[in-house]
Amino acid sequence: MATNLPIRRVVLYKHGVGYFERRGDVTGSDTLHLDFKARDMNDVLKSLTVLDLSGGSVSAVSYDSTKPLEQLLSEATIRIPEDGSLTALLGQIKGARVRARVGGGQVEGAIIGLESLAVAAGETSVVRPFLTLLVGASLRTFDVLDIAELEFLDEAVRKDLEFYLSTVLSSYKKDSKRMSILTSGEGEREVFVSYVLEAPVWKTSYRILLDEGESPLLQGWALVDNTGDEDWVDVSLALVAGLPVSFVHDLYNPRYMKRPVVEVRTEAAAAPVIPEESFGSAGDMMMESEEAMPMMAAPASAPGRSKKMRKEVSFVGGPGGGGGPRLREVMEQSNQVTTLTKEVGDLFEYGVDRPVTVHRNQSALVPILHKPFEGRRVLLYNRTTREKNPMACIELKNTTGLTLEGGPVTVTEDERYVGEAMLDTMKPLDTRFVPYAVELGCVVSVEDRTEDGPVFRAVVSRGSLVVEYFHVKRTKYLVRNKAKRAQVLYVEHPRQGWELEKDMPAPAETTDGFWRFKRELAPGSQDELVVSERTRGHRQYSISSAGPDEVAFFLSQRYVDAKMADALREVIAIRERVAALTRDEQQLTAERAQLFKDQERIRANIESLKSGVSQRELAERFVAKLNEQEDRLEAITRELERLAKERQSAQEELNRRVQSLSSEAAF
């Protein structure tokens, strides 16, 4: 029998789930029924907690299978068609014992069968069904239409019929799955059930009221949606801000393990054996085999565990101690709304102080905040947001004592709507600017100028001269306050890795991306703010490639002193000597190449000469020329060896001198 378990508490979270508590009374061994959508079954099975609060016990929780309706009905021993349901049913349960009330008496017997007989009706006949029962030792036949009541005495038949009918009934709502909670105990007891389901994210919206001479007032509303199939009537509602871990895990669908298939080894039937002729001794052969046995784990017995809630508490499926988070004794008194709040790690909970009713498929605005706060009206200028005008803002300091969840804000001033804004999540005592309108009564113009400052440091080291200086950027903000009232302006200047110059006043505030400079604007006045920034820059010169002109420039700019300038000139002299030796080597190498080419030509000419006096004289002339060239080649080789050694020595001296140079000058 179905027992009412109304929803008593709802906790909605910002990450898409809701926590639900139900409480209700049971008597004896009542079975409680809860209906859930099929898509919610995984969350319910993961989080369900069932507690008997009055000394009884919860023996089990059963729920609808995932099998299709056709498959479920095929497993039933009884089939009831759409037409002729009574006669079809009676025809399927032959042998079942029944008690029939016919006329004024009752008859008990076993069903023999059902047959159709023609019965005279005036001048015609009508075919009517007749039920035959075995009553004692005799057969008796009854017109089915005369039977006023038919009671099944066999429990197995009755259970099969109940299973068939409940399965068909549950199919009418295809998306619904029924969960049955089996209880046992004596007398009337209270049962507690809790679970987590997917739920719409609750939202917040705020109202800020500005009145001259009074503290600003902040009013907060929570927007909740009941998308379930049941009304929330006078429930205790709590709203939790934060992002606890939550996930979906498939517990509803049956899970099967893939097991190996092991076949029994079979042997073929024996056939006649014809031994072969033997050529020597033969050993016997034996074959051994092992038959694998599949391993099956024995079902683990769950250790018994008991807890106490009120009296003795037994539970199924949920964490120990179960009924959800406790509310801490933290209360804030305000003008219109009392909100119970508590910190749970990084989470923050708003507990509505009065019962809430939200009907199914409806939403509601629930007040959660109504408090004054510390704040004032200011202007905030950001060039990327709006180039010509600042934004009118509320400098809001969260002195409400609550964590303010992010949401839209509607601002009214002197009972007039003046704009809207978005509020980020704020912890207590956080301060934020809440821009809600463009301030057209204040105009801002901006000028940028970038230049390179003087060198402040010069370092000679490892063959390089590095001079360091500052890139300087100056941004001028010209502000005109055309309004008739004094205003406070904050200018947001972007931080891009540069540093403020030393003579700049410190900003009033610093954020991750901006410096905020505060300016006091008199009515109808004009103000100027110059932000000077600098960043380091450097230029690098290679000493080994510097010439006399560069050295003179370094000396004139005081990058180096006179002593270092003389050392640089010595380096230049050694470098020029290395260059001269390199040129001499190149010239001798070119001359040697030309001699090799001439020798090839002379040898070719000698090979082409024929015998004869004149030709012999010419050949002797070519041979003399070759001898002269060979002497020159030998001299060139010796000279190249000398030049190479001298150039290598000079190059080593140049490298040593360059690497040994070191100085530093600061300006």
# chains A, B, ... in the order shown; residues from 1 in each chain; ligands from 1
>>> closest_atom_pairs(of="stretch 547-651 of chain A", to="stretch 457-475 of chain A", cutoff="9 Å", atoms="only C-alpha atoms", output="CSV")
residue,atom,partner,partner_atom,distance
A:Arg558,CA,A:Ala458,CA,8.6
A:Tyr559,CA,A:Ala458,CA,5.4
A:Val560,CA,A:Ala458,CA,7.7
>>> residues_around(residues="A:Phe192", least_positions_apart="6", cutoff="6 Å", atoms="only C-alpha atoms", output="list in words")
Arg22, Arg23, Val50 and Leu51 of chain A
>>> write_last_selection(atoms="N, CA and C atoms", output="compact mmCIF listing (two decimals), in the first residue's frame")
# COMPACT_ATOMS: atom_id res chain seq x y z
N ARG A 22 12.34 13.80 2.71
CA ARG A 22 10.93 13.44 2.90
C ARG A 22 10.76 12.83 4.29
N ARG A 23 9.61 13.04 4.88
CA ARG A 23 9.26 12.43 6.16
C ARG A 23 7.80 11.99 6.10
N VAL A 50 17.71 6.05 3.72
CA VAL A 50 16.42 5.70 4.30
C VAL A 50 16.64 5.40 5.77
N LEU A 51 15.89 6.07 6.64
CA LEU A 51 16.04 5.92 8.09
C LEU A 51 14.67 5.68 8.71
>>> select_by_dssp(residues="stretch 422-631 of chain A", states="strand (DSSP E)", output="MDAnalysis selection string")
chainID A and resid 422:423 431:438 442:461 464:481 487:494 499:500 509:510 514:521 526:542
>>> select_by_dssp(residues="stretch 81-152 of chain A", states="alpha helix (DSSP H)", output="VMD selection string")
chain A and resid 85 to 92
>>> write_last_selection(atoms="C-alpha atoms", output="compact mmCIF listing (two decimals), in the first residue's frame")
# COMPACT_ATOMS: atom_id res chain seq x y z
CA SER A 85 -9.81 -10.54 -20.81
CA LEU A 86 -11.92 -12.55 -18.32
CA THR A 87 -12.46 -15.61 -20.46
CA ALA A 88 -8.83 -15.51 -21.65
CA LEU A 89 -7.59 -15.33 -18.06
CA LEU A 90 -9.77 -18.21 -16.84
CA GLY A 91 -8.65 -20.31 -19.77
CA GLN A 92 -4.95 -19.90 -18.75
>>> closest_atom_pairs(of="stretch 509-547 of chain A", to="stretch 376-398 of chain A", cutoff="10 Å", atoms="only C-alpha atoms", output="CSV")
residue,atom,partner,partner_atom,distance
A:Phe514,CA,A:Asn382,CA,9.3
A:Arg516,CA,A:Leu380,CA,8.9
A:Phe517,CA,A:Leu380,CA,9.8
A:Lys518,CA,A:Leu380,CA,9.3
A:Arg519,CA,A:Leu379,CA,9.7
>>> write_last_selection(atoms="C-alpha atoms", output="compact mmCIF listing (two decimals), in the first residue's frame")
# COMPACT_ATOMS: atom_id res chain seq x y z
CA PHE A 514 44.77 48.30 -13.57
CA ARG A 516 43.18 53.23 -9.97
CA PHE A 517 43.95 56.90 -9.41
CA LYS A 518 41.48 58.88 -7.32
CA ARG A 519 40.55 62.47 -8.24
>>> closest_residue(among="A:Met179, A:Ala635, A:Val479, A:Ala96", to="A:Leu153", atoms="only C-alpha atoms")
A:Ala96
